[in-house]
>>> print(open('start19.cif').read())   # mmCIF, C-alpha atoms and all ligand atoms
data_work
#
loop_
_atom_site.label_atom_id
_atom_site.label_comp_id
_atom_site.auth_asym_id
_atom_site.auth_seq_id
_atom_site.Cartn_x
_atom_site.Cartn_y
_atom_site.Cartn_z
CA MET A 270 -17.14 18.50 -4.95
CA LYS A 271 -17.26 15.13 -3.15
CA LEU A 272 -13.94 13.35 -2.80
CA SER A 273 -14.64 10.98 0.06
CA VAL A 274 -14.45 7.21 -0.42
CA GLN A 275 -15.51 4.33 1.81
CA LEU A 276 -12.89 1.58 1.67
CA ALA A 277 -14.57 -0.90 3.99
CA PRO A 278 -18.28 -0.78 3.24
CA LYS A 279 -18.86 -4.23 4.77
CA ASN A 280 -16.97 -3.50 8.00
CA LYS A 281 -18.83 -2.24 11.08
CA GLN A 282 -16.29 0.53 11.75
CA GLY A 283 -15.86 1.32 8.08
CA LEU A 284 -12.86 3.15 6.67
CA LEU A 285 -14.02 6.50 5.39
CA LEU A 286 -11.34 8.59 3.68
CA ALA A 287 -11.85 12.31 3.07
CA ASN A 288 -10.24 11.78 -0.33
CA PRO A 289 -8.69 8.86 -2.25
CA VAL A 290 -5.02 9.81 -1.82
CA MET A 291 -3.02 7.58 0.52
CA THR A 292 0.69 7.07 1.10
CA ALA A 293 2.30 3.70 0.35
CA SER A 294 3.85 1.64 3.13
CA GLY A 295 7.59 2.04 3.60
CA THR A 296 7.80 5.31 1.72
CA PHE A 297 6.28 7.68 4.29
CA GLY A 298 7.68 6.38 7.57
CA TYR A 299 5.16 6.78 10.37
CA GLY A 300 3.81 10.03 8.91
CA THR A 301 5.60 12.06 11.56
CA GLU A 302 8.69 12.39 9.33
CA TYR A 303 6.67 14.39 6.80
CA SER A 304 4.47 16.47 9.07
CA HIS A 305 6.81 19.48 9.00
CA LEU A 306 6.87 19.50 5.18
CA PHE A 307 3.16 19.92 4.47
CA ASP A 308 -0.23 19.52 6.10
CA ILE A 309 -0.40 15.71 6.09
CA GLN A 310 -3.86 15.91 7.69
CA ARG A 311 -5.23 16.78 4.25
CA LEU A 312 -4.45 13.31 2.92
CA GLY A 313 -7.00 10.51 2.62
CA ALA A 314 -4.96 8.09 4.74
CA ILE A 315 -1.42 7.27 5.78
CA VAL A 316 -0.10 3.72 5.64
CA CYS A 317 2.89 3.24 7.93
CA LYS A 318 6.01 1.14 7.47
CA GLY A 319 5.59 -2.65 7.51
CA THR A 320 5.41 -3.76 11.13
CA THR A 321 6.51 -7.08 12.59
CA LEU A 322 6.08 -8.63 16.06
CA LYS A 323 9.73 -7.94 16.97
CA PRO A 324 11.84 -4.99 15.82
CA ARG A 325 13.89 -5.74 12.66
CA GLU A 326 17.23 -4.34 11.56
CA GLY A 327 16.57 -5.11 7.91
CA ASN A 328 18.89 -6.42 5.19
CA PRO A 329 22.59 -5.73 4.61
CA GLN A 330 23.57 -2.53 2.74
CA PRO A 331 23.36 -1.40 0.01
CA ARG A 332 19.56 -1.56 0.04
CA LEU A 333 18.62 0.93 -2.66
CA ALA A 334 19.63 1.22 -6.31
CA GLU A 335 18.30 3.60 -8.92
CA THR A 336 17.17 1.99 -12.16
CA ALA A 337 15.64 3.31 -15.38
CA SER A 338 12.46 5.09 -14.25
CA GLY A 339 12.50 3.27 -10.96
CA VAL A 340 14.13 2.23 -7.74
CA LEU A 341 15.16 -1.21 -6.57
CA ASN A 342 14.95 -1.72 -2.80
CA SER A 343 15.77 -4.52 -0.42
CA ILE A 344 15.14 -2.84 2.92
CA GLY A 345 14.04 -6.11 4.50
CA LEU A 346 11.33 -4.59 6.69
CA GLN A 347 13.46 -2.58 9.07
CA ASN A 348 10.98 -1.41 11.71
CA ILE A 349 10.50 -0.67 15.37
CA GLY A 350 8.20 -3.64 16.10
CA VAL A 351 4.56 -3.67 17.12
CA LYS A 352 5.06 -2.93 20.82
CA ALA A 353 7.01 0.29 20.21
CA LEU A 354 4.52 1.28 17.51
CA ILE A 355 1.63 0.96 19.97
CA LYS A 356 3.53 2.81 22.69
CA GLU A 357 5.24 5.57 20.72
CA LYS A 358 3.34 6.15 17.46
CA ALA A 359 -0.32 5.31 18.00
CA PRO A 360 -0.83 7.95 20.75
CA LEU A 361 0.34 10.63 18.29
CA TRP A 362 -1.91 9.29 15.53
CA ALA A 363 -4.89 9.32 17.91
CA GLY A 364 -4.80 13.13 17.74
CA TRP A 365 -4.73 13.22 13.94
CA ARG A 366 -7.64 13.83 11.59
CA VAL A 367 -6.08 11.66 8.87
CA PRO A 368 -6.67 7.93 9.44
CA VAL A 369 -3.53 5.82 9.88
CA ILE A 370 -3.43 2.26 8.59
CA VAL A 371 -0.80 -0.11 9.96
CA ASN A 372 0.93 -2.37 7.43
CA ILE A 373 1.65 -5.75 9.06
CA VAL A 374 3.86 -8.66 8.03
CA GLY A 375 4.60 -11.99 9.67
CA GLU A 376 6.67 -15.08 9.12
CA THR A 377 3.77 -17.42 9.93
CA VAL A 378 -0.01 -17.22 9.81
CA GLU A 379 0.04 -17.07 13.62
CA ASP A 380 2.33 -14.01 13.48
CA TYR A 381 -0.21 -12.18 11.33
CA ALA A 382 -3.02 -13.13 13.71
CA ARG A 383 -1.01 -12.01 16.76
CA LEU A 384 -0.16 -8.68 15.15
CA ALA A 385 -3.80 -8.12 14.28
CA GLY A 386 -4.85 -9.03 17.82
CA GLU A 387 -2.32 -6.66 19.41
CA LEU A 388 -3.41 -3.76 17.21
CA ASP A 389 -7.13 -4.37 17.62
CA GLY A 390 -8.80 -1.56 19.53
CA VAL A 391 -5.65 0.60 19.82
CA ALA A 392 -6.62 4.28 19.63
CA GLY A 393 -5.09 6.00 16.61
CA ILE A 394 -5.23 2.97 14.31
CA SER A 395 -8.01 2.98 11.72
CA GLY A 396 -7.21 -0.17 9.79
CA LEU A 397 -4.68 -2.84 8.89
CA GLU A 398 -2.95 -3.47 5.59
CA VAL A 399 -1.81 -7.09 5.46
CA ASN A 400 1.38 -7.33 3.48
CA ILE A 401 1.51 -10.77 1.88
CA GLY A 402 3.82 -9.65 -0.88
CA CYS A 403 7.15 -8.41 0.43
CA PRO A 404 9.85 -9.74 -1.89
CA ASN A 405 12.71 -8.78 0.42
CA ILE A 406 12.60 -11.22 3.31
CA LYS A 407 13.22 -14.95 3.36
CA ALA A 408 10.34 -16.09 5.54
CA GLY A 409 6.95 -14.42 5.45
CA GLY A 410 5.63 -11.89 3.07
CA ALA A 411 5.79 -12.93 -0.53
CA GLU A 412 5.03 -16.63 -0.35
CA PHE A 413 1.67 -16.06 1.33
CA GLY A 414 0.59 -13.92 -1.60
CA ILE A 415 1.60 -16.42 -4.27
CA SER A 416 -1.23 -18.89 -3.78
CA PRO A 417 -4.94 -18.24 -3.29
CA ASP A 418 -5.07 -20.79 -0.43
CA SER A 419 -2.35 -19.19 1.70
CA ALA A 420 -3.69 -15.70 0.96
CA ALA A 421 -7.10 -16.83 2.20
CA GLU A 422 -5.58 -18.48 5.27
CA VAL A 423 -3.73 -15.32 6.34
CA THR A 424 -6.76 -13.13 5.62
CA ALA A 425 -9.12 -15.33 7.63
CA ALA A 426 -6.70 -15.46 10.58
CA VAL A 427 -6.33 -11.68 10.62
CA LYS A 428 -10.06 -11.11 10.31
CA ALA A 429 -10.72 -13.46 13.20
CA ALA A 430 -8.29 -11.51 15.39
CA THR A 431 -9.52 -7.96 14.77
CA SER A 432 -12.60 -5.91 14.12
CA LEU A 433 -10.51 -3.27 12.31
CA PRO A 434 -11.01 -2.90 8.55
CA VAL A 435 -8.53 -5.19 6.77
CA LEU A 436 -6.89 -4.36 3.46
CA VAL A 437 -4.92 -7.21 1.91
CA LYS A 438 -1.92 -6.09 -0.13
CA LEU A 439 -0.95 -8.35 -2.99
CA THR A 440 2.21 -9.11 -4.89
CA PRO A 441 2.45 -9.20 -8.68
CA ASN A 442 4.98 -12.05 -8.27
CA THR A 443 2.25 -14.65 -8.78
CA PRO A 444 0.81 -16.32 -11.88
CA ASP A 445 -2.82 -15.29 -11.32
CA ILE A 446 -3.28 -12.26 -9.10
CA ALA A 447 -7.04 -12.14 -9.75
CA GLU A 448 -7.39 -15.61 -8.22
CA VAL A 449 -5.40 -14.54 -5.16
CA ALA A 450 -7.55 -11.41 -4.83
CA ARG A 451 -10.75 -13.44 -5.12
CA ALA A 452 -9.56 -15.80 -2.40
CA ALA A 453 -8.62 -12.93 -0.06
CA ALA A 454 -11.97 -11.22 -0.66
CA LYS A 455 -13.83 -14.47 -0.01
CA ALA A 456 -11.89 -14.90 3.24
CA GLY A 457 -13.14 -11.51 4.40
CA ALA A 458 -10.74 -8.84 3.11
CA ASP A 459 -12.51 -5.48 3.27
CA ALA A 460 -10.40 -4.15 0.40
CA ILE A 461 -7.48 -5.20 -1.79
CA SER A 462 -4.32 -3.07 -2.19
CA LEU A 463 -2.01 -3.68 -5.09
CA ILE A 464 0.73 -3.88 -6.04
CA ASN A 465 3.76 -4.56 -3.91
CA THR A 466 7.06 -4.54 -5.81
CA PRO A 467 7.91 -6.99 -8.58
CA ARG A 468 11.31 -8.65 -8.03
CA GLY A 469 14.42 -7.37 -9.77
CA MET A 470 18.18 -7.05 -9.50
CA VAL A 471 21.20 -4.98 -10.56
CA ILE A 472 24.79 -6.13 -11.17
CA ASP A 473 27.66 -3.83 -10.27
CA ILE A 474 29.95 -4.53 -13.25
CA ALA A 475 33.02 -2.94 -11.65
CA LYS A 476 32.74 -5.31 -8.68
CA ARG A 477 31.33 -8.16 -10.77
CA ARG A 478 28.76 -8.73 -8.05
CA PRO A 479 25.07 -8.08 -7.45
CA LEU A 480 24.75 -4.48 -6.28
CA LEU A 481 22.20 -5.02 -3.50
CA GLY A 482 23.35 -6.57 -0.24
CA ASN A 483 20.37 -8.90 -0.48
CA ILE A 484 21.15 -9.72 -4.19
CA PHE A 485 17.49 -9.26 -5.19
CA GLY A 486 15.12 -6.41 -4.48
CA GLY A 487 11.70 -5.01 -5.33
CA LEU A 488 11.20 -2.62 -8.22
CA SER A 489 9.08 0.50 -7.71
CA GLY A 490 8.44 3.86 -9.35
CA PRO A 491 7.19 4.81 -12.84
CA ALA A 492 8.84 1.68 -14.32
CA ILE A 493 6.10 -0.50 -12.79
CA LYS A 494 3.10 1.74 -13.44
CA PRO A 495 1.75 -0.15 -16.48
CA ILE A 496 2.03 -3.46 -14.58
CA ALA A 497 0.26 -2.00 -11.56
CA LEU A 498 -2.46 -0.47 -13.71
CA TYR A 499 -3.00 -3.79 -15.48
CA THR A 500 -3.36 -5.64 -12.18
CA VAL A 501 -5.75 -3.03 -10.78
CA TYR A 502 -7.90 -3.29 -13.91
CA THR A 503 -7.88 -7.09 -13.72
CA VAL A 504 -8.56 -7.36 -9.99
CA ALA A 505 -11.26 -4.65 -9.98
CA GLY A 506 -13.11 -6.81 -12.48
CA ALA A 507 -12.69 -9.91 -10.31
CA VAL A 508 -13.74 -8.80 -6.80
CA GLU A 509 -16.59 -6.81 -5.33
CA VAL A 510 -14.63 -5.15 -2.55
CA PRO A 511 -12.84 -1.82 -3.13
CA VAL A 512 -9.45 -1.93 -4.83
CA ILE A 513 -6.59 0.41 -3.91
CA GLY A 514 -4.08 1.12 -6.67
CA CYS A 515 -0.36 1.58 -6.09
CA GLY A 516 2.71 1.46 -8.31
CA GLY A 517 4.54 4.33 -9.97
CA ILE A 518 1.94 6.98 -9.19
CA THR A 519 3.77 10.30 -9.41
CA THR A 520 1.21 12.77 -10.74
CA ALA A 521 -2.54 13.39 -10.58
CA ASP A 522 -2.85 12.05 -14.13
CA ASP A 523 -1.32 8.75 -13.00
CA ALA A 524 -3.76 8.59 -10.09
CA ILE A 525 -6.74 9.32 -12.34
CA GLU A 526 -5.70 6.47 -14.65
CA PHE A 527 -5.83 4.06 -11.69
CA ILE A 528 -9.19 5.42 -10.55
CA MET A 529 -10.58 5.08 -14.07
CA ALA A 530 -9.24 1.49 -14.13
CA GLY A 531 -11.37 0.74 -11.06
CA ALA A 532 -9.37 1.85 -8.01
CA SER A 533 -11.42 3.46 -5.25
CA ALA A 534 -8.25 4.98 -3.77
CA ILE A 535 -4.57 5.21 -4.68
CA GLN A 536 -1.23 5.19 -2.86
CA VAL A 537 1.79 7.35 -3.60
CA GLY A 538 5.09 5.60 -2.86
CA THR A 539 8.48 6.12 -4.49
CA ALA A 540 7.42 9.58 -5.69
CA ASN A 541 7.73 10.73 -2.05
CA PHE A 542 11.52 10.30 -2.26
CA SER A 543 11.98 12.88 -5.02
CA ASN A 544 9.03 15.10 -4.05
CA PRO A 545 7.95 14.80 -0.41
CA ARG A 546 4.85 16.84 -1.23
CA ALA A 547 3.83 14.41 -4.00
CA PRO A 548 0.66 13.07 -2.33
CA LEU A 549 -0.69 16.58 -1.83
CA ASP A 550 0.24 17.56 -5.41
CA VAL A 551 -1.65 14.46 -6.59
CA LEU A 552 -4.69 15.41 -4.49
CA GLU A 553 -4.73 19.00 -5.73
CA GLY A 554 -4.32 17.75 -9.32
CA ILE A 555 -7.30 15.41 -8.94
CA GLU A 556 -9.40 18.31 -7.60
CA LYS A 557 -8.33 20.46 -10.56
CA PHE A 558 -9.19 17.72 -13.03
CA MET A 559 -12.64 17.21 -11.47
CA LYS A 560 -13.34 20.93 -11.59
CA LYS A 561 -12.24 21.18 -15.23
CA GLU A 562 -14.30 18.14 -16.25
CA GLY A 563 -17.35 19.10 -14.18
CA VAL A 564 -17.10 15.95 -12.03
CA LYS A 565 -19.06 16.45 -8.80
CA ASP A 566 -18.27 13.15 -7.07
CA ILE A 567 -15.10 11.06 -7.33
CA ALA A 568 -17.38 8.00 -7.56
CA GLU A 569 -18.26 9.16 -11.10
CA LEU A 570 -14.66 8.44 -12.11
CA ILE A 571 -14.14 5.07 -10.40
CA GLY A 572 -14.00 2.41 -13.10
CA VAL A 573 -15.17 4.79 -15.82
CA GLY A 574 -12.26 3.73 -18.04
CA ARG A 575 -13.30 0.10 -18.03
CA ILE A 576 -14.77 -1.65 -21.00
CA ASP A 577 -16.82 -3.74 -18.54
CA LYS A 578 -17.79 -0.59 -16.63
CA GLY A 579 -20.57 -2.10 -14.53
CA GLN A 580 -18.30 -4.53 -12.71
CA ALA A 581 -16.00 -1.87 -11.37
CA MET A 582 -18.59 0.39 -9.84
CA LEU A 583 -18.44 -0.13 -6.10
C1 LIG B 601 11.91 1.75 0.23
C2 LIG B 601 10.60 1.02 0.14
C3 LIG B 601 10.12 0.35 1.26
C4 LIG B 601 8.91 -0.34 1.20
N1 LIG B 601 8.42 -0.97 2.31
C5 LIG B 601 7.21 -1.60 2.27
C6 LIG B 601 6.65 -2.20 3.44
O1 LIG B 601 7.22 -2.15 4.53
N2 LIG B 601 5.44 -2.84 3.32
C7 LIG B 601 4.76 -2.89 2.12
O2 LIG B 601 3.67 -3.47 2.05
N3 LIG B 601 5.27 -2.30 1.01
C8 LIG B 601 6.47 -1.67 1.06
N4 LIG B 601 6.97 -1.08 -0.07
C9 LIG B 601 6.18 -1.15 -1.32
C10 LIG B 601 5.37 0.13 -1.54
O3 LIG B 601 4.44 0.33 -0.50
C11 LIG B 601 4.62 0.07 -2.89
O4 LIG B 601 3.76 -1.05 -2.89
C12 LIG B 601 5.57 -0.07 -4.08
O5 LIG B 601 6.75 0.67 -3.86
C13 LIG B 601 4.93 0.39 -5.39
O6 LIG B 601 4.53 1.73 -5.34
P1 LIG B 601 5.45 2.96 -5.88
O7 LIG B 601 5.93 2.57 -7.24
O8 LIG B 601 4.55 4.14 -5.87
O9 LIG B 601 6.58 3.08 -4.91
C14 LIG B 601 8.17 -0.39 -0.03
C15 LIG B 601 8.68 0.30 -1.15
C16 LIG B 601 9.88 0.99 -1.09
C17 LIG B 601 10.37 1.70 -2.32
#
>>> encode(input="start19.cif", output="structure tokens")
Amino acid sequence: MKLSVQLAPKNKQGLLLANPVMTASGTFGYGTEYSHLFDIQRLGAIVCKGTTLKPREGNPQPRLAETASGVLNSIGLQNIGVKALIKEKAPLWAGWRVPVIVNIVGETVEDYARLAGELDGVAGISGLEVNIGCPNIKAGGAEFGISPDSAAEVTAAVKAATSLPVLVKLTPNTPDIAEVARAAAKAGADAISLINTPRGMVIDIAKRRPLLGNIFGGLSGPAIKPIALYTVYTVAGAVEVPVIGCGGITTADDAIEFIMAGASAIQVGTANFSNPRAPLDVLEGIEKFMKKEGVKDIAELIGVGRIDKGQAML
């Protein structure tokens, strides 16, 4: 049974995953936090926490609220900063079989380019995921993903600064995500990841105040799965680069839906909080499904659920 997928077919280095199951940024730390719980080397790839030029403390507490079938978060990109990541994390990753992708976020286009430049050529880093859709910080993140022009500008700047494969991660908080995806692909994105969290909020009625310290947050978990699936289906029909699906994936069946919609790989996020072994369960479930259905190569499933099948085959 062949499970491997190539996420950067146009990139010199390429980004070959042993299987299509990845972890979503911000929900799996730096990978090290989970390595005692299961064999994380079996995963397709690990995407680490969003990384900025300088370390960030993040937003005021509370930063997490449970909602119906979901979680609202306003972490605000708490992270150790790119220098510490290169010094402390990358050397560990260099000894891993599983590729690690660094999620980057800046406040300006130049920040993104500098981050990409600093990470270029660092042993242990197999690719970059450019977060242009974080709803939880004032400057940077979300606004770059709202318009096709700014998405293209960030993508081009990152591509010019690195030879690593570049995945561009989009926000659903935009009127036409397919247009944004097209612009990022045209500017050189090797693949498109989607979605980051749609914006939401909760009011604490006892306190008569917004519950989150940041007032607003990003919604994740099963509540957003249909939105994520819709965007994956739409974007996979709009671009020729691989699409990576993310949003509410909790089981293998969820993952297979995204793959059938046109995703070449998927990311497991919020599900890690209730079941730290979720990515491996998803992988084993996909294998079981393929065996049961007589599917020999995962490529046979990519985009098979599309009405416009041809367009999704990558
Ligand atoms: C606590 C938390 C922190 C997150 N941090 C990041 C981040 O640093 N960078 C990023 O691109 N996405 C971040 N995300 C978004 C996830 O990677 C993912 O896109 C989103 O949660 C949808 O997937 P899910 O429903 O499977 O969680 C975060 C999500 C959560 C819940």
>>> residues_near_ligand(input="start19.cif", ligand="ligand LIG 601 (chain B)", cutoff="8 Å", atoms="only C-alpha atoms and all ligand atoms", output="VMD selection string")
chain A and resid 292 to 296 317 to 320 333 339 to 347 372 to 374 398 to 403 438 463 to 466 487 to 494 515 to 519 536 to 540
>>> atom_distance(input="start19.cif", atom1="atom CA of A:Ala359", atom2="atom CA of A:Lys281")
21.2 Å
>>> closest_residue(input="start19.cif", among="A:Gly572, A:Gly469, A:Gly300, A:Pro360", to="A:Glu335", atoms="all atoms listed in the file")
A:Gly469
>>> residues_around(input="start19.cif", residues="A:Pro331", least_positions_apart="4", cutoff="8 Å", atoms="only C-alpha atoms", output="PyMOL selection string")
chain A and resi 480-482
>>> atom_distance(input="start19.cif", atom1="atom CA of A:Val427", atom2="atom CA of A:Ser533")
22.5 Å
>>> atom_distance(input="start19.cif", atom1="atom CA of A:Ile446", atom2="atom CA of A:Phe527")
16.7 Å
>>> closest_residue(input="start19.cif", among="A:Leu397, A:Leu361, A:Val378, A:Leu354", to="A:Val316", atoms="all atoms listed in the file")
A:Leu397
>>> closest_residue(input="start19.cif", among="A:Ala382, A:Ile535, A:Ala505, A:Ile525", to="A:Met559", atoms="all atoms listed in the file")
A:Ile525
>>> axis_aligned_box(input="start19.cif", around="stretch 509-516 of chain A", padding_each_side="6 Å", output="AutoDock Vina command-line options")
--center_x -6.9 --center_y -2.6 --center_z -5.4 --size_x 31.3 --size_y 20.4 --size_z 17.8
>>> residues_near_point(input="start19.cif", point="(-2.8, 4.2, 13.4)", cutoff="8 Å", atoms="all atoms listed in the file", output="PyMOL selection string")
chain A and resi 317+358-359+362-363+368-371+391-396
>>> closest_residue(input="start19.cif", among="A:Leu272, A:Ala521, A:Leu433, A:Ala420", to="A:Ile571", atoms="only C-alpha atoms")
A:Leu272
>>> closest_residue(input="start19.cif", among="A:Asn280, A:Thr336, A:Ser273, A:Thr500", to="A:Thr431", atoms="only C-alpha atoms")
A:Asn280
>>> closest_residue(input="start19.cif", among="A:Glu387, A:Glu357, A:Glu379, A:Asp308", to="A:Asp550", atoms="only C-alpha atoms")
A:Asp308
>>> residues_around(input="start19.cif", residues="A:Val449", least_positions_apart="2", cutoff="12 Å", atoms="only C-alpha atoms", output="JSON, numbers by chain")
{"A": [401, 402, 412, 413, 414, 415, 416, 417, 418, 419, 420, 421, 422, 423, 424, 437, 438, 439, 440, 441, 442, 443, 444, 445, 446, 447, 451, 452, 453, 454, 455, 456, 458, 461, 462, 463, 500, 503, 504, 507, 508]}
>>> build_atoms(input="start19.cif", residues="stretch 275-284 of chain A", atoms="all heavy atoms", output="PDB file, in the coordinates of the input")
ATOM      1  N   GLN A 275     -15.370   5.303   0.727  1.00  0.00           N
ATOM      2  CA  GLN A 275     -15.510   4.330   1.810  1.00  0.00           C
ATOM      3  C   GLN A 275     -14.771   3.068   1.363  1.00  0.00           C
ATOM      4  O   GLN A 275     -15.160   2.421   0.397  1.00  0.00           O
ATOM      5  CB  GLN A 275     -16.992   4.034   2.052  1.00  0.00           C
ATOM      6  CG  GLN A 275     -17.291   2.931   3.049  1.00  0.00           C
ATOM      7  CD  GLN A 275     -16.639   3.130   4.412  1.00  0.00           C
ATOM      8  OE1 GLN A 275     -15.611   2.527   4.731  1.00  0.00           O
ATOM      9  NE2 GLN A 275     -17.226   3.998   5.229  1.00  0.00           N
ATOM     10  N   LEU A 276     -13.699   2.726   2.093  1.00  0.00           N
ATOM     11  CA  LEU A 276     -12.890   1.580   1.670  1.00  0.00           C
ATOM     12  C   LEU A 276     -13.279   0.264   2.336  1.00  0.00           C
ATOM     13  O   LEU A 276     -12.741  -0.778   1.986  1.00  0.00           O
ATOM     14  CB  LEU A 276     -11.398   1.853   1.926  1.00  0.00           C
ATOM     15  CG  LEU A 276     -10.764   2.943   1.073  1.00  0.00           C
ATOM     16  CD1 LEU A 276      -9.259   2.997   1.299  1.00  0.00           C
ATOM     17  CD2 LEU A 276     -11.060   2.727  -0.408  1.00  0.00           C
ATOM     18  N   ALA A 277     -14.157   0.341   3.328  1.00  0.00           N
ATOM     19  CA  ALA A 277     -14.570  -0.900   3.990  1.00  0.00           C
ATOM     20  C   ALA A 277     -16.067  -0.896   4.213  1.00  0.00           C
ATOM     21  O   ALA A 277     -16.543  -0.879   5.352  1.00  0.00           O
ATOM     22  CB  ALA A 277     -13.806  -1.068   5.311  1.00  0.00           C
ATOM     23  N   PRO A 278     -16.819  -0.913   3.103  1.00  0.00           N
ATOM     24  CA  PRO A 278     -18.280  -0.780   3.240  1.00  0.00           C
ATOM     25  C   PRO A 278     -18.915  -1.917   4.035  1.00  0.00           C
ATOM     26  O   PRO A 278     -19.975  -1.733   4.619  1.00  0.00           O
ATOM     27  CB  PRO A 278     -18.773  -0.779   1.788  1.00  0.00           C
ATOM     28  CG  PRO A 278     -17.646  -1.277   0.954  1.00  0.00           C
ATOM     29  CD  PRO A 278     -16.386  -1.011   1.710  1.00  0.00           C
ATOM     30  N   LYS A 279     -18.247  -3.094   4.073  1.00  0.00           N
ATOM     31  CA  LYS A 279     -18.860  -4.230   4.770  1.00  0.00           C
ATOM     32  C   LYS A 279     -18.421  -4.311   6.234  1.00  0.00           C
ATOM     33  O   LYS A 279     -18.897  -5.162   6.970  1.00  0.00           O
ATOM     34  CB  LYS A 279     -18.501  -5.534   4.058  1.00  0.00           C
ATOM     35  CG  LYS A 279     -19.177  -5.637   2.692  1.00  0.00           C
ATOM     36  CD  LYS A 279     -18.866  -6.958   2.036  1.00  0.00           C
ATOM     37  CE  LYS A 279     -19.357  -6.974   0.594  1.00  0.00           C
ATOM     38  NZ  LYS A 279     -18.587  -7.880  -0.239  1.00  0.00           N
ATOM     39  N   ASN A 280     -17.494  -3.461   6.625  1.00  0.00           N
ATOM     40  CA  ASN A 280     -16.970  -3.500   8.000  1.00  0.00           C
ATOM     41  C   ASN A 280     -17.801  -2.582   8.902  1.00  0.00           C
ATOM     42  O   ASN A 280     -18.206  -1.502   8.471  1.00  0.00           O
ATOM     43  CB  ASN A 280     -15.500  -3.058   7.987  1.00  0.00           C
ATOM     44  CG  ASN A 280     -14.863  -3.131   9.349  1.00  0.00           C
ATOM     45  OD1 ASN A 280     -14.977  -2.206  10.145  1.00  0.00           O
ATOM     46  ND2 ASN A 280     -14.199  -4.229   9.619  1.00  0.00           N
ATOM     47  N   LYS A 281     -18.007  -3.015  10.143  1.00  0.00           N
ATOM     48  CA  LYS A 281     -18.830  -2.240  11.080  1.00  0.00           C
ATOM     49  C   LYS A 281     -18.266  -0.834  11.293  1.00  0.00           C
ATOM     50  O   LYS A 281     -18.994   0.154  11.294  1.00  0.00           O
ATOM     51  CB  LYS A 281     -18.871  -2.972  12.429  1.00  0.00           C
ATOM     52  CG  LYS A 281     -20.266  -3.359  12.835  1.00  0.00           C
ATOM     53  CD  LYS A 281     -20.253  -3.805  14.279  1.00  0.00           C
ATOM     54  CE  LYS A 281     -21.427  -4.725  14.542  1.00  0.00           C
ATOM     55  NZ  LYS A 281     -21.227  -5.534  15.731  1.00  0.00           N
ATOM     56  N   GLN A 282     -16.929  -0.781  11.518  1.00  0.00           N
ATOM     57  CA  GLN A 282     -16.290   0.530  11.750  1.00  0.00           C
ATOM     58  C   GLN A 282     -16.212   1.339  10.474  1.00  0.00           C
ATOM     59  O   GLN A 282     -16.232   2.558  10.499  1.00  0.00           O
ATOM     60  CB  GLN A 282     -14.870   0.329  12.286  1.00  0.00           C
ATOM     61  CG  GLN A 282     -14.840  -0.125  13.716  1.00  0.00           C
ATOM     62  CD  GLN A 282     -13.428  -0.496  14.148  1.00  0.00           C
ATOM     63  OE1 GLN A 282     -13.208  -1.593  14.627  1.00  0.00           O
ATOM     64  NE2 GLN A 282     -12.478   0.393  13.989  1.00  0.00           N
ATOM     65  N   GLY A 283     -16.066   0.652   9.355  1.00  0.00           N
ATOM     66  CA  GLY A 283     -15.860   1.320   8.080  1.00  0.00           C
ATOM     67  C   GLY A 283     -14.494   1.975   8.018  1.00  0.00           C
ATOM     68  O   GLY A 283     -13.772   2.031   9.030  1.00  0.00           O
ATOM     69  N   LEU A 284     -14.128   2.428   6.836  1.00  0.00           N
ATOM     70  CA  LEU A 284     -12.860   3.150   6.670  1.00  0.00           C
ATOM     71  C   LEU A 284     -13.128   4.277   5.669  1.00  0.00           C
ATOM     72  O   LEU A 284     -12.929   4.133   4.462  1.00  0.00           O
ATOM     73  CB  LEU A 284     -11.759   2.209   6.171  1.00  0.00           C
ATOM     74  CG  LEU A 284     -10.360   2.808   6.024  1.00  0.00           C
ATOM     75  CD1 LEU A 284      -9.873   3.432   7.327  1.00  0.00           C
ATOM     76  CD2 LEU A 284      -9.366   1.738   5.563  1.00  0.00           C
TER      77      LEU A 284
END
